[in-house]
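A.B. asks: Contents of protein12.cif (mmCIF, C-alpha atoms):
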data_start
#
loop_
_atom_site.group_PDB
_atom_site.id
_atom_site.type_symbol
_atom_site.label_atom_id
_atom_site.label_comp_id
_atom_site.auth_asym_id
_atom_site.auth_seq_id
_atom_site.Cartn_x
_atom_site.Cartn_y
_atom_site.Cartn_z
ATOM 1 C CA MET A 146 98.983 -5.923 22.697
ATOM 2 C CA THR A 147 96.352 -3.205 22.519
ATOM 3 C CA SER A 148 92.596 -3.010 22.777
ATOM 4 C CA GLU A 149 92.551 -3.491 18.999
ATOM 5 C CA ASP A 150 93.567 -7.084 19.550
ATOM 6 C CA VAL A 151 90.087 -7.980 20.752
ATOM 7 C CA VAL A 152 88.487 -6.756 17.513
ATOM 8 C CA PRO A 153 87.370 -9.745 15.426
ATOM 9 C CA VAL A 154 88.960 -10.282 12.038
ATOM 10 C CA GLU A 155 86.946 -11.836 9.248
ATOM 11 C CA GLY A 156 88.213 -15.261 8.190
ATOM 12 C CA ILE A 157 88.419 -16.301 4.547
ATOM 13 C CA PRO A 158 87.251 -19.932 4.439
ATOM 14 C CA GLY A 159 89.431 -22.284 2.478
ATOM 15 C CA ALA A 160 88.104 -24.780 -0.025
ATOM 16 C CA ARG A 161 87.114 -28.171 1.363
ATOM 17 C CA ALA A 162 88.539 -31.437 0.152
ATOM 18 C CA ASP A 163 88.159 -34.975 1.512
ATOM 19 C CA GLY A 164 86.236 -33.650 4.515
ATOM 20 C CA TRP A 165 89.036 -31.344 5.695
ATOM 21 C CA ALA A 166 89.091 -27.562 5.747
ATOM 22 C CA VAL A 167 91.691 -24.821 5.955
ATOM 23 C CA GLU A 168 90.666 -21.534 7.587
ATOM 24 C CA ILE A 169 92.652 -18.652 6.133
ATOM 25 C CA THR A 170 92.737 -15.373 8.030
ATOM 26 C CA GLU A 171 94.328 -12.101 7.009
ATOM 27 C CA SER A 172 96.865 -10.687 9.444
ATOM 28 C CA ARG A 173 96.157 -7.179 10.742
ATOM 29 C CA PRO A 174 98.524 -4.252 10.257
ATOM 30 C CA GLN A 175 99.985 -2.914 13.511
ATOM 31 C CA THR A 176 102.973 -0.772 14.467
ATOM 32 C CA VAL A 177 105.436 -1.886 17.142
ATOM 33 C CA GLY A 178 107.823 0.904 18.052
ATOM 34 C CA ALA A 179 108.356 2.380 14.601
ATOM 35 C CA VAL A 180 108.156 -0.953 12.779
ATOM 36 C CA PRO A 181 105.062 -2.003 10.802
ATOM 37 C CA VAL A 182 104.048 -5.608 11.471
ATOM 38 C CA ARG A 183 101.371 -8.087 10.383
ATOM 39 C CA ARG A 184 99.637 -9.546 13.449
ATOM 40 C CA ALA A 185 98.411 -13.090 12.787
ATOM 41 C CA LEU A 186 97.514 -14.011 16.388
ATOM 42 C CA PRO A 187 95.502 -13.397 18.493
ATOM 43 C CA ILE A 188 92.093 -12.750 16.981
ATOM 44 C CA ARG A 189 88.717 -13.169 18.656
ATOM 45 C CA ALA A 190 87.946 -16.340 16.717
ATOM 46 C CA ARG A 191 91.336 -17.916 17.486
ATOM 47 C CA ARG A 192 93.251 -16.928 20.581
ATOM 48 C CA THR A 193 95.794 -19.765 20.544
ATOM 49 C CA VAL A 194 97.257 -22.535 18.407
ATOM 50 C CA GLY A 195 98.525 -25.007 20.943
ATOM 51 C CA ALA A 196 100.278 -22.735 23.428
ATOM 52 C CA TRP A 197 101.245 -20.221 20.709
ATOM 53 C CA CYS A 198 99.277 -17.089 21.558
ATOM 54 C CA PHE A 199 100.880 -14.205 19.616
ATOM 55 C CA VAL A 200 102.511 -13.868 16.181
ATOM 56 C CA ASP A 201 103.892 -10.630 14.710
ATOM 57 C CA HIS A 202 105.475 -10.810 11.243
ATOM 58 C CA MET A 203 107.719 -7.820 10.484
ATOM 59 C CA GLY A 204 109.270 -6.769 7.201
ATOM 60 C CA PRO A 205 111.048 -7.142 5.036
ATOM 61 C CA LEU A 206 112.028 -3.494 5.401
ATOM 62 C CA ALA A 207 115.278 -1.589 4.946
ATOM 63 C CA VAL A 208 117.077 -0.391 8.083
ATOM 64 C CA ALA A 209 120.307 1.484 8.754
ATOM 65 C CA PRO A 210 122.249 2.708 11.801
ATOM 66 C CA ALA A 211 120.700 5.776 13.411
ATOM 67 C CA THR A 212 122.232 8.986 12.083
ATOM 68 C CA GLY A 213 120.292 11.840 13.594
ATOM 69 C CA ALA A 214 116.613 12.471 12.923
ATOM 70 C CA ALA A 215 116.762 10.873 9.476
ATOM 71 C CA GLY A 216 118.209 7.581 10.700
ATOM 72 C CA THR A 217 116.194 4.421 11.222
ATOM 73 C CA ARG A 218 117.326 1.505 13.351
ATOM 74 C CA GLY A 219 114.459 -0.863 12.723
ATOM 75 C CA ILE A 220 113.401 -2.374 16.023
ATOM 76 C CA ASP A 221 113.846 -0.021 18.976
ATOM 77 C CA ILE A 222 111.475 -1.079 21.754
ATOM 78 C CA GLY A 223 112.252 0.249 25.215
ATOM 79 C CA PRO A 224 112.075 -1.702 28.479
ATOM 80 C CA HIS A 225 108.670 -3.328 28.969
ATOM 81 C CA PRO A 226 107.402 -6.202 31.135
ATOM 82 C CA HIS A 227 106.004 -9.663 30.472
ATOM 83 C CA THR A 228 104.327 -12.313 32.623
ATOM 84 C CA SER A 229 103.420 -15.992 32.150
ATOM 85 C CA LEU A 230 104.851 -16.395 28.645
ATOM 86 C CA HIS A 231 107.890 -17.191 26.535
ATOM 87 C CA THR A 232 109.016 -14.758 23.848
ATOM 88 C CA VAL A 233 110.487 -16.361 20.725
ATOM 89 C CA THR A 234 112.474 -14.193 18.304
ATOM 90 C CA TRP A 235 113.251 -15.609 14.846
ATOM 91 C CA LEU A 236 114.853 -13.564 12.076
ATOM 92 C CA LEU A 237 114.957 -14.259 8.357
ATOM 93 C CA ALA A 238 117.168 -11.208 7.724
ATOM 94 C CA GLY A 239 118.859 -8.550 9.860
ATOM 95 C CA GLU A 240 119.774 -8.474 13.526
ATOM 96 C CA VAL A 241 118.311 -7.334 16.849
ATOM 97 C CA ARG A 242 119.920 -6.810 20.266
ATOM 98 C CA HIS A 243 118.073 -8.292 23.260
ATOM 99 C CA LEU A 244 118.580 -6.971 26.801
ATOM 100 C CA ASP A 245 116.656 -8.034 29.907
ATOM 101 C CA SER A 246 116.372 -7.641 33.663
ATOM 102 C CA LEU A 247 118.346 -10.880 34.160
ATOM 103 C CA GLY A 248 121.413 -9.073 32.788
ATOM 104 C CA SER A 249 121.277 -10.847 29.427
ATOM 105 C CA GLU A 250 122.580 -9.066 26.330
ATOM 106 C CA GLN A 251 122.426 -10.985 23.081
ATOM 107 C CA VAL A 252 122.324 -10.102 19.388
ATOM 108 C CA VAL A 253 120.178 -12.519 17.406
ATOM 109 C CA ARG A 254 120.785 -13.106 13.697
ATOM 110 C CA PRO A 255 119.145 -15.242 11.003
ATOM 111 C CA GLY A 256 119.244 -18.936 11.843
ATOM 112 C CA GLN A 257 119.558 -18.228 15.577
ATOM 113 C CA LEU A 258 116.901 -18.292 18.268
ATOM 114 C CA ASN A 259 116.330 -16.059 21.296
ATOM 115 C CA LEU A 260 113.882 -17.515 23.818
ATOM 116 C CA MET A 261 113.019 -15.611 26.997
ATOM 117 C CA THR A 262 110.845 -17.035 29.765
ATOM 118 C CA ALA A 263 108.849 -14.466 31.733
ATOM 119 C CA GLY A 264 107.482 -16.677 34.501
ATOM 120 C CA HIS A 265 106.383 -14.472 37.413
ATOM 121 C CA GLY A 266 107.813 -11.405 35.703
ATOM 122 C CA VAL A 267 110.621 -10.111 33.495
ATOM 123 C CA VAL A 268 111.531 -6.896 31.671
ATOM 124 C CA HIS A 269 113.332 -6.657 28.347
ATOM 125 C CA ALA A 270 114.208 -4.276 25.545
ATOM 126 C CA GLU A 271 114.922 -4.847 21.861
ATOM 127 C CA GLU A 272 117.360 -2.500 20.194
ATOM 128 C CA GLY A 273 118.594 -1.839 16.709
ATOM 129 C CA THR A 274 122.298 -2.318 15.997
ATOM 130 C CA ASP A 275 124.800 -0.935 13.482
ATOM 131 C CA TYR A 276 123.372 -3.349 10.919
ATOM 132 C CA ARG A 277 122.417 -1.920 7.530
ATOM 133 C CA GLY A 278 120.169 -3.871 5.159
ATOM 134 C CA ALA A 279 116.908 -5.778 5.189
ATOM 135 C CA LEU A 280 115.101 -6.634 8.431
ATOM 136 C CA HIS A 281 112.628 -9.517 8.284
ATOM 137 C CA GLY A 282 111.437 -11.784 11.055
ATOM 138 C CA VAL A 283 108.800 -13.032 13.455
ATOM 139 C CA GLN A 284 108.146 -12.321 17.134
ATOM 140 C CA LEU A 285 106.066 -14.972 18.887
ATOM 141 C CA TRP A 286 104.683 -15.565 22.362
ATOM 142 C CA VAL A 287 103.967 -18.900 23.987
ATOM 143 C CA ALA A 288 101.599 -19.114 26.972
ATOM 144 C CA GLN A 289 103.104 -20.869 29.976
ATOM 145 C CA PRO A 290 100.992 -23.472 31.778
ATOM 146 C CA GLU A 291 100.006 -23.131 35.424
ATOM 147 C CA ALA A 292 102.807 -25.490 36.447
ATOM 148 C CA THR A 293 105.569 -23.081 35.336
ATOM 149 C CA ARG A 294 104.076 -19.621 34.896
ATOM 150 C CA HIS A 295 104.832 -18.511 38.477
ATOM 151 C CA GLY A 296 108.447 -19.680 38.226
ATOM 152 C CA PRO A 297 111.630 -17.661 37.702
ATOM 153 C CA ALA A 298 112.450 -15.767 34.540
ATOM 154 C CA ALA A 299 115.098 -17.185 32.201
ATOM 155 C CA PHE A 300 116.819 -16.519 28.893
ATOM 156 C CA GLU A 301 118.468 -18.780 26.345
ATOM 157 C CA HIS A 302 120.124 -18.240 22.978
ATOM 158 C CA HIS A 303 120.643 -20.988 20.420
ATOM 159 C CA ALA A 304 123.246 -20.131 17.799
ATOM 160 C CA GLU A 305 122.450 -23.300 15.839
ATOM 161 C CA LEU A 306 119.222 -25.233 15.394
ATOM 162 C CA PRO A 307 118.563 -28.637 13.808
ATOM 163 C CA ARG A 308 117.596 -28.736 10.132
ATOM 164 C CA VAL A 309 115.984 -31.534 8.153
ATOM 165 C CA GLU A 310 115.156 -32.030 4.462
ATOM 166 C CA ILE A 311 111.483 -32.882 3.873
ATOM 167 C CA GLY A 312 110.790 -33.342 0.171
ATOM 168 C CA ASP A 313 111.358 -29.991 -1.529
ATOM 169 C CA ALA A 314 111.693 -28.106 1.754
ATOM 170 C CA VAL A 315 114.310 -27.523 4.417
ATOM 171 C CA ALA A 316 112.835 -27.305 7.914
ATOM 172 C CA THR A 317 114.618 -25.537 10.766
ATOM 173 C CA VAL A 318 113.105 -26.680 14.060
ATOM 174 C CA LEU A 319 112.769 -23.754 16.464
ATOM 175 C CA VAL A 320 110.927 -25.528 19.275
ATOM 176 C CA GLY A 321 109.867 -29.144 19.721
ATOM 177 C CA GLU A 322 110.368 -31.914 17.157
ATOM 178 C CA LEU A 323 109.602 -32.411 13.485
ATOM 179 C CA ALA A 324 110.542 -35.320 11.197
ATOM 180 C CA GLY A 325 113.052 -36.661 13.704
ATOM 181 C CA ALA A 326 114.830 -33.341 14.293
ATOM 182 C CA ALA A 327 114.484 -31.963 17.839
ATOM 183 C CA SER A 328 115.255 -28.423 19.011
ATOM 184 C CA PRO A 329 117.214 -27.886 22.255
ATOM 185 C CA ALA A 330 115.002 -24.876 23.118
ATOM 186 C CA ARG A 331 112.865 -24.940 26.238
ATOM 187 C CA ARG A 332 109.186 -25.854 25.964
ATOM 188 C CA ASP A 333 106.759 -26.119 28.855
ATOM 189 C CA THR A 334 103.990 -27.823 26.858
ATOM 190 C CA GLU A 335 103.864 -30.310 23.988
ATOM 191 C CA MET A 336 104.374 -28.122 20.924
ATOM 192 C CA VAL A 337 106.356 -27.482 17.759
ATOM 193 C CA GLY A 338 107.540 -24.491 15.785
ATOM 194 C CA ALA A 339 109.472 -24.819 12.520
ATOM 195 C CA ASP A 340 110.590 -22.527 9.711
ATOM 196 C CA LEU A 341 110.133 -24.117 6.276
ATOM 197 C CA ALA A 342 112.101 -22.910 3.251
ATOM 198 C CA LEU A 343 110.303 -24.384 0.229
ATOM 199 C CA ARG A 344 111.720 -24.858 -3.242
ATOM 200 C CA PRO A 345 109.354 -25.250 -6.182
ATOM 201 C CA GLY A 346 107.790 -28.658 -5.672
ATOM 202 C CA ARG A 347 106.165 -30.532 -2.800
ATOM 203 C CA ALA A 348 106.882 -31.252 0.846
ATOM 204 C CA VAL A 349 104.792 -33.716 2.864
ATOM 205 C CA LEU A 350 105.187 -33.017 6.570
ATOM 206 C CA PRO A 351 104.559 -35.639 9.262
ATOM 207 C CA LEU A 352 102.130 -34.293 11.870
ATOM 208 C CA ARG A 353 100.822 -35.461 15.236
ATOM 209 C CA PRO A 354 97.039 -36.030 15.158
ATOM 210 C CA GLY A 355 96.708 -34.821 18.752
ATOM 211 C CA PHE A 356 98.195 -31.424 17.868
ATOM 212 C CA GLU A 357 96.385 -28.502 16.270
ATOM 213 C CA TYR A 358 98.384 -26.664 13.623
ATOM 214 C CA ALA A 359 98.586 -23.397 11.741
ATOM 215 C CA LEU A 360 100.818 -21.934 9.041
ATOM 216 C CA VAL A 361 102.063 -18.345 8.826
ATOM 217 C CA VAL A 362 103.331 -17.519 5.341
ATOM 218 C CA THR A 363 106.302 -15.158 5.522
ATOM 219 C CA GLU A 364 107.326 -15.244 1.835
ATOM 220 C CA GLY A 365 105.507 -16.249 -1.325
ATOM 221 C CA ALA A 366 102.513 -18.585 -1.452
ATOM 222 C CA VAL A 367 101.818 -22.280 -0.793
ATOM 223 C CA ARG A 368 99.045 -24.699 -1.622
ATOM 224 C CA VAL A 369 97.874 -26.625 1.410
ATOM 225 C CA GLY A 370 96.726 -30.232 1.015
ATOM 226 C CA ASN A 371 95.708 -33.188 3.172
ATOM 227 C CA GLY A 372 98.889 -35.164 2.664
ATOM 228 C CA SER A 373 100.319 -37.286 -0.111
ATOM 229 C CA ALA A 374 97.102 -37.109 -2.136
ATOM 230 C CA PRO A 375 97.383 -35.792 -5.712
ATOM 231 C CA ALA A 376 96.457 -32.275 -6.736
ATOM 232 C CA ALA A 377 92.738 -33.069 -6.470
ATOM 233 C CA GLY A 378 93.148 -33.142 -2.697
ATOM 234 C CA ILE A 379 94.521 -29.594 -2.485
ATOM 235 C CA GLN A 380 92.430 -27.417 -0.200
ATOM 236 C CA ALA A 381 93.537 -23.792 -0.294
ATOM 237 C CA VAL A 382 96.284 -21.334 -1.143
ATOM 238 C CA ALA A 383 97.903 -19.337 1.675
ATOM 239 C CA ARG A 384 99.899 -16.216 0.864
ATOM 240 C CA THR A 385 102.239 -13.797 2.597
ATOM 241 C CA GLY A 386 100.443 -12.041 5.444
ATOM 242 C CA GLN A 387 97.946 -14.840 6.041
ATOM 243 C CA LEU A 388 97.495 -17.461 8.742
ATOM 244 C CA ALA A 389 96.132 -20.839 7.650
ATOM 245 C CA TYR A 390 94.548 -22.735 10.553
ATOM 246 C CA LEU A 391 94.614 -26.494 9.977
ATOM 247 C CA GLY A 392 92.921 -27.812 13.113
ATOM 248 C CA ALA A 393 93.770 -31.185 14.666
ATOM 249 C CA GLY A 394 93.467 -34.816 13.590
ATOM 250 C CA ARG A 395 95.960 -34.755 10.696
ATOM 251 C CA ASP A 396 98.905 -37.114 10.461
ATOM 252 C CA GLU A 397 100.490 -35.412 7.459
ATOM 253 C CA LEU A 398 100.307 -32.205 5.484
ATOM 254 C CA ALA A 399 101.276 -31.467 1.880
ATOM 255 C CA LEU A 400 102.650 -28.078 0.882
ATOM 256 C CA ASP A 401 103.087 -27.271 -2.812
ATOM 257 C CA ALA A 402 105.004 -24.261 -4.113
ATOM 258 C CA THR A 403 105.515 -23.086 -7.696
ATOM 259 C CA GLU A 404 108.129 -20.537 -6.591
ATOM 260 C CA PRO A 405 110.399 -20.342 -3.543
ATOM 261 C CA ALA A 406 108.377 -19.682 -0.386
ATOM 262 C CA ARG A 407 108.856 -19.442 3.370
ATOM 263 C CA VAL A 408 106.347 -20.728 5.923
ATOM 264 C CA LEU A 409 106.242 -20.953 9.709
ATOM 265 C CA LEU A 410 104.591 -24.138 11.018
ATOM 266 C CA LEU A 411 103.122 -23.736 14.509
ATOM 267 C CA GLY A 412 101.451 -26.538 16.428
ATOM 268 C CA GLY A 413 100.830 -28.098 19.788
ATOM 269 C CA ALA A 414 98.442 -29.873 22.079
ATOM 270 C CA PRO A 415 95.343 -27.673 22.487
ATOM 271 C CA PHE A 416 95.975 -25.287 25.385
ATOM 272 C CA GLU A 417 93.157 -26.147 27.777
ATOM 273 C CA GLU A 418 93.821 -23.422 30.354
ATOM 274 C CA PRO A 419 91.793 -20.255 29.684
ATOM 275 C CA ILE A 420 94.097 -17.258 29.370
ATOM 276 C CA VAL A 421 93.555 -13.519 29.484
ATOM 277 C CA MET A 422 95.905 -11.304 27.462
ATOM 278 C CA TRP A 423 96.269 -7.564 27.715
ATOM 279 C CA TRP A 424 99.132 -5.304 26.643
ATOM 280 C CA ASN A 425 102.329 -7.316 27.348
ATOM 281 C CA PHE A 426 100.834 -9.525 30.039
ATOM 282 C CA VAL A 427 99.372 -13.021 29.954
ATOM 283 C CA GLY A 428 97.344 -14.170 32.953
ATOM 284 C CA ARG A 429 94.239 -15.988 34.052
ATOM 285 C CA SER A 430 92.061 -13.088 35.223
ATOM 286 C CA ARG A 431 91.620 -9.342 34.845
ATOM 287 C CA ALA A 432 92.506 -8.934 38.510
ATOM 288 C CA GLU A 433 95.855 -10.599 37.862
ATOM 289 C CA LEU A 434 96.576 -8.322 34.905
ATOM 290 C CA THR A 435 95.547 -5.263 36.906
ATOM 291 C CA ALA A 436 98.026 -6.232 39.629
ATOM 292 C CA ALA A 437 100.816 -6.583 37.050
ATOM 293 C CA PHE A 438 99.916 -3.180 35.580
ATOM 294 C CA GLU A 439 100.007 -1.506 39.003
ATOM 295 C CA GLN A 440 103.337 -3.092 39.890
ATOM 296 C CA TRP A 441 104.866 -1.963 36.591
ATOM 297 C CA GLU A 442 103.576 1.576 37.015
ATOM 298 C CA ASP A 443 104.813 1.575 40.613
ATOM 299 C CA ARG A 444 108.302 1.074 39.094
ATOM 300 C CA ASP A 445 109.523 -0.952 42.059
ATOM 301 C CA GLY A 446 106.805 -3.518 41.534
ATOM 302 C CA ALA A 447 107.621 -5.184 44.864
ATOM 303 C CA GLY A 448 110.735 -6.533 43.156
ATOM 304 C CA ARG A 449 108.749 -8.186 40.370
ATOM 305 C CA PHE A 450 110.049 -6.095 37.465
ATOM 306 C CA GLY A 451 113.727 -5.209 37.537
ATOM 307 C CA PRO A 452 115.782 -2.686 35.541
ATOM 308 C CA VAL A 453 117.262 -3.174 32.069
ATOM 309 C CA ALA A 454 120.544 -1.636 30.920
ATOM 310 C CA SER A 455 119.044 -0.061 27.805
ATOM 311 C CA HIS A 456 119.476 3.478 26.464
ATOM 312 C CA LEU A 457 115.849 3.412 25.337
ATOM 313 C CA ARG A 458 112.996 4.964 27.293
ATOM 314 C CA ARG A 459 110.937 2.746 29.571
ATOM 315 C CA ILE A 460 107.477 2.096 28.079
ATOM 316 C CA PRO A 461 104.553 3.031 30.357
ATOM 317 C CA ALA A 462 101.530 0.741 30.400
ATOM 318 C CA PRO A 463 98.172 2.095 29.247
ATOM 319 C CA PRO A 464 95.462 1.758 31.913
ATOM 320 C CA PRO A 465 93.435 -1.454 31.540
ATOM 321 C CA PRO A 466 90.118 -0.644 29.852
ATOM 322 C CA TRP A 467 88.176 -2.338 32.675
ATOM 323 C CA ARG A 468 89.940 -0.446 35.477
#
Give the structure from the file, written as C-alpha cells.

C.D. replies:
Amino acid sequence: MTSEDVVPVEGIPGARADGWAVEITESRPQTVGAVPVRRALPIRARRTVGAWCFVDHMGPLAVAPATGAAGTRGIDIGPHPHTSLHTVTWLLAGEVRHLDSLGSEQVVRPGQLNLMTAGHGVVHAEEGTDYRGALHGVQLWVAQPEATRHGPAAFEHHAELPRVEIGDAVATVLVGELAGAASPARRDTEMVGADLALRPGRAVLPLRPGFEYALVVTEGAVRVGNGSAPAAGIQAVARTGQLAYLGAGRDELALDATEPARVLLLGGAPFEEPIVMWWNFVGRSRAELTAAFEQWEDRDGAGRFGPVASHLRRIPAPPPPWR
C-alpha cells in the first residue's frame, strides 16, 4: 500500500438491465518489488467487498532463476509486516516461496492456497524459486474483525481445494462455500472467494442475497447478467484488468463467455467495521497504524514483529503521511 492507494479511480458504469447495475472499474498499474501488478482494490469509492480489502493481479509475465544482473526471479519481496488481516496467495501459473516469522516455509503452486493470518502482528517474505516460465496470480488481503484481529498469527497451506462444475465453468473454492463446495481454509467472517475457469458458454452461479459481490477478470472477458434470464438481461462486459462490482441482493449471477476466460468471484457480508489501511497495515485508527510503524522501525517492536529466515533485505516502512 502507498499513498497512491487513496487516489480515486474513475468508475465505468455498466449498462442497466431489470433494475440492476454493474459498476466496472479499471485496475491501477502498480509495481510490487520488481513485478508489475494491476490493483483492483482498494479505491476511494470502494474500500472493501465483504471483508476483502486488497486485490493485486500480477502477470502473466515470464520469469527465470536469477543469473547475475540479467536474471529475473519474478516475486522477490523482502521481510515486511502485517497487522489485522489475512493474506491469500493464489497462482494461475508459476510458483512462489513463502517464509514468515512463525518459521513457516512453503512453496505455493497453481491450484494450491497459502493463507497467512497476521492478527496482532506477523512478518513474511515472498521469494522467487528456480522456476522458469510464466508467472500469473493474485495476492489478496482480508480484513480481520475485531473479535480476532488482536489474536495470534497463523499460517496454513492447502495443497488441494474443492472444485465444482457450474454450467460451462469449473469453480475452485478458495475460501467459504459456493454451489455446495466448501473450502477448508480459515475465514473469520462470512465470505467467499472462488476462481472460475469458464469455457465458451454460460454459467449461472448461486449467490447469497445478504452478500455483496465483485468479479476480478484475470483472463479474457465475460458478460455479466442477472441470472438465468436470456441475453436481453445481460448488463455489462468485464475484461482482464477490471473489477466488476455487483452489489448485494442477488440470488444468482449469469456469466457468458465466447472464449475461454478466468474470473475471481469475491463476496461476503458487508464489513461493518470501519478500517484504516496504510502501507502493509490494517487497523482502526491512524494512531494504531503509527504505533505499528514505530514498532517495525524499532526492529524489536516489543516482540510484535519477529525475524524471517530470508536472504532478501528487510523492507523499511515509509513514514505515515500524517505523522

A.B. asks: Select, from A:Leu398, A:Ala196, A:Val268, A:Leu285, the residue with the minimum atom-to-atom distance to His227 (chain A), counting all atoms listed in the file.

C.D. replies: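 Of A:Leu398, A:Ala196, A:Val268, A:Leu285, the one nearest His227 (chain A), counting all atoms listed in the file, is A:Val268.
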
A.B. asks: So what does the PyMOL selection byres ((chain A and resi 382-392) around 6) actually pick up in this one, as a VMD selection string?

C.D. replies: chain A and resid 167 to 172 357 to 368 381 393

A.B. asks: So that I have them on file, write out the residues from the current selection with C-alpha atoms, as a CSV table (one decimal), in the frame of the given file.

C.D. replies:
chain,number,residue,atom,x,y,z
A,167,VAL,CA,91.7,-24.8,6.0
A,168,GLU,CA,90.7,-21.5,7.6
A,169,ILE,CA,92.7,-18.7,6.1
A,170,THR,CA,92.7,-15.4,8.0
A,171,GLU,CA,94.3,-12.1,7.0
A,172,SER,CA,96.9,-10.7,9.4
A,357,GLU,CA,96.4,-28.5,16.3
A,358,TYR,CA,98.4,-26.7,13.6
A,359,ALA,CA,98.6,-23.4,11.7
A,360,LEU,CA,100.8,-21.9,9.0
A,361,VAL,CA,102.1,-18.3,8.8
A,362,VAL,CA,103.3,-17.5,5.3
A,363,THR,CA,106.3,-15.2,5.5
A,364,GLU,CA,107.3,-15.2,1.8
A,365,GLY,CA,105.5,-16.2,-1.3
A,366,ALA,CA,102.5,-18.6,-1.5
A,367,VAL,CA,101.8,-22.3,-0.8
A,368,ARG,CA,99.0,-24.7,-1.6
A,381,ALA,CA,93.5,-23.8,-0.3
A,393,ALA,CA,93.8,-31.2,14.7

A.B. asks: Which residue, A:Glu271, A:Glu439, A:Glu433, A:Glu417, has the smallest gap to Gly223 (chain A) when you use all atoms listed in the file?

C.D. replies: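 The shortest atom-to-atom distance to Gly223 (chain A) comes from A:Glu271.
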
A.B. asks: Evaluated on this file, the PyMOL selection byres ((chain A and resi 453) around 10) picks out some residues - which ones are they, written as number ranges by chain?

C.D. replies: A: 223-225, 244-250, 267-270, 450-452, 454-457, 459

A.B. asks: Pick out the closest residue to Leu186 (chain A) from this set: A:Leu306, A:Ala166, A:Leu350, A:Leu411. Count only C-alpha atoms.

C.D. replies: A:Leu411

A.B. asks: With all atoms of region 258-275 of chain A from the file as input, state the centre and edge lengths in Å to one decimal of the axis-aligned box that has 6 Å extra on each side, as JSON.

C.D. replies:
{"center_x": 115.6, "center_y": -9.6, "center_z": 25.4, "size_x": 30.4, "size_y": 29.4, "size_z": 35.9}

A.B. asks: For CA of Ala339 (chain A) and CA of Thr232 (chain A), determine how far apart the two atoms are, in Å to one decimal place.

C.D. replies: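 These two atoms are separated by 15.2 Å.
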
A.B. asks: List the spatial neighbours of Pro187 (chain A) as a ChimeraX atom specification - criterion: any atom at most 9 Å away, all atoms listed in the file, same-chain residues fewer than 3 positions off excluded.

C.D. replies: /A:150-151,184,190-193,198-200

A.B. asks: Can you write just those residues out, C-alpha atoms, as a PDB file, in the frame of the given file?

C.D. replies:
ATOM      1  CA  ASP A 150      93.567  -7.084  19.550  1.00  0.00           C
ATOM      2  CA  VAL A 151      90.087  -7.980  20.752  1.00  0.00           C
ATOM      3  CA  ARG A 184      99.637  -9.546  13.449  1.00  0.00           C
ATOM      4  CA  ALA A 190      87.946 -16.340  16.717  1.00  0.00           C
ATOM      5  CA  ARG A 191      91.336 -17.916  17.486  1.00  0.00           C
ATOM      6  CA  ARG A 192      93.251 -16.928  20.581  1.00  0.00           C
ATOM      7  CA  THR A 193      95.794 -19.765  20.544  1.00  0.00           C
ATOM      8  CA  CYS A 198      99.277 -17.089  21.558  1.00  0.00           C
ATOM      9  CA  PHE A 199     100.880 -14.205  19.616  1.00  0.00           C
ATOM     10  CA  VAL A 200     102.511 -13.868  16.181  1.00  0.00           C
TER      11      VAL A 200
END

A.B. asks: Taking all atoms listed in the file into account, which of A:Arg173, A:Arg449, A:Arg395, A:Arg353 comes nearest Ala263 (chain A)?

C.D. replies: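 Distance minimum relative to Ala263 (chain A) lands on A:Arg449.
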
A.B. asks: Work out how far apart CA of Val180 (chain A) and CA of Arg332 (chain A) are and give it in Å to one decimal.

C.D. replies: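 Computed distance, CA of Val180 (chain A) to CA of Arg332 (chain A), equals 28.2 Å.
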
A.B. asks: Could you tell me how far CA of Ala324 (chain A) lies from CA of Ile311 (chain A), in Å and to one decimal?

C.D. replies: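 These two atoms are separated by 7.8 Å.
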
A.B. asks: Spell out the residues picked by the PyMOL selection byres ((chain A and resi 341-348) around 6) here, as a list in words.

C.D. replies: Ile311, Gly312, Asp313, Ala314, Val315, Ala316, Asp340, Val349, Ala399, Leu400, Asp401, Ala402, Thr403, Glu404, Pro405, Ala406, Arg407 and Val408 of chain A

A.B. asks: Any chance you could export the current selection's C-alpha atoms as a compact mmCIF listing (two decimals), keeping the file's coordinate frame?

C.D. replies:
# COMPACT_ATOMS: atom_id res chain seq x y z
CA ILE A 311 111.48 -32.88 3.87
CA GLY A 312 110.79 -33.34 0.17
CA ASP A 313 111.36 -29.99 -1.53
CA ALA A 314 111.69 -28.11 1.75
CA VAL A 315 114.31 -27.52 4.42
CA ALA A 316 112.84 -27.30 7.91
CA ASP A 340 110.59 -22.53 9.71
CA VAL A 349 104.79 -33.72 2.86
CA ALA A 399 101.28 -31.47 1.88
CA LEU A 400 102.65 -28.08 0.88
CA ASP A 401 103.09 -27.27 -2.81
CA ALA A 402 105.00 -24.26 -4.11
CA THR A 403 105.52 -23.09 -7.70
CA GLU A 404 108.13 -20.54 -6.59
CA PRO A 405 110.40 -20.34 -3.54
CA ALA A 406 108.38 -19.68 -0.39
CA ARG A 407 108.86 -19.44 3.37
CA VAL A 408 106.35 -20.73 5.92
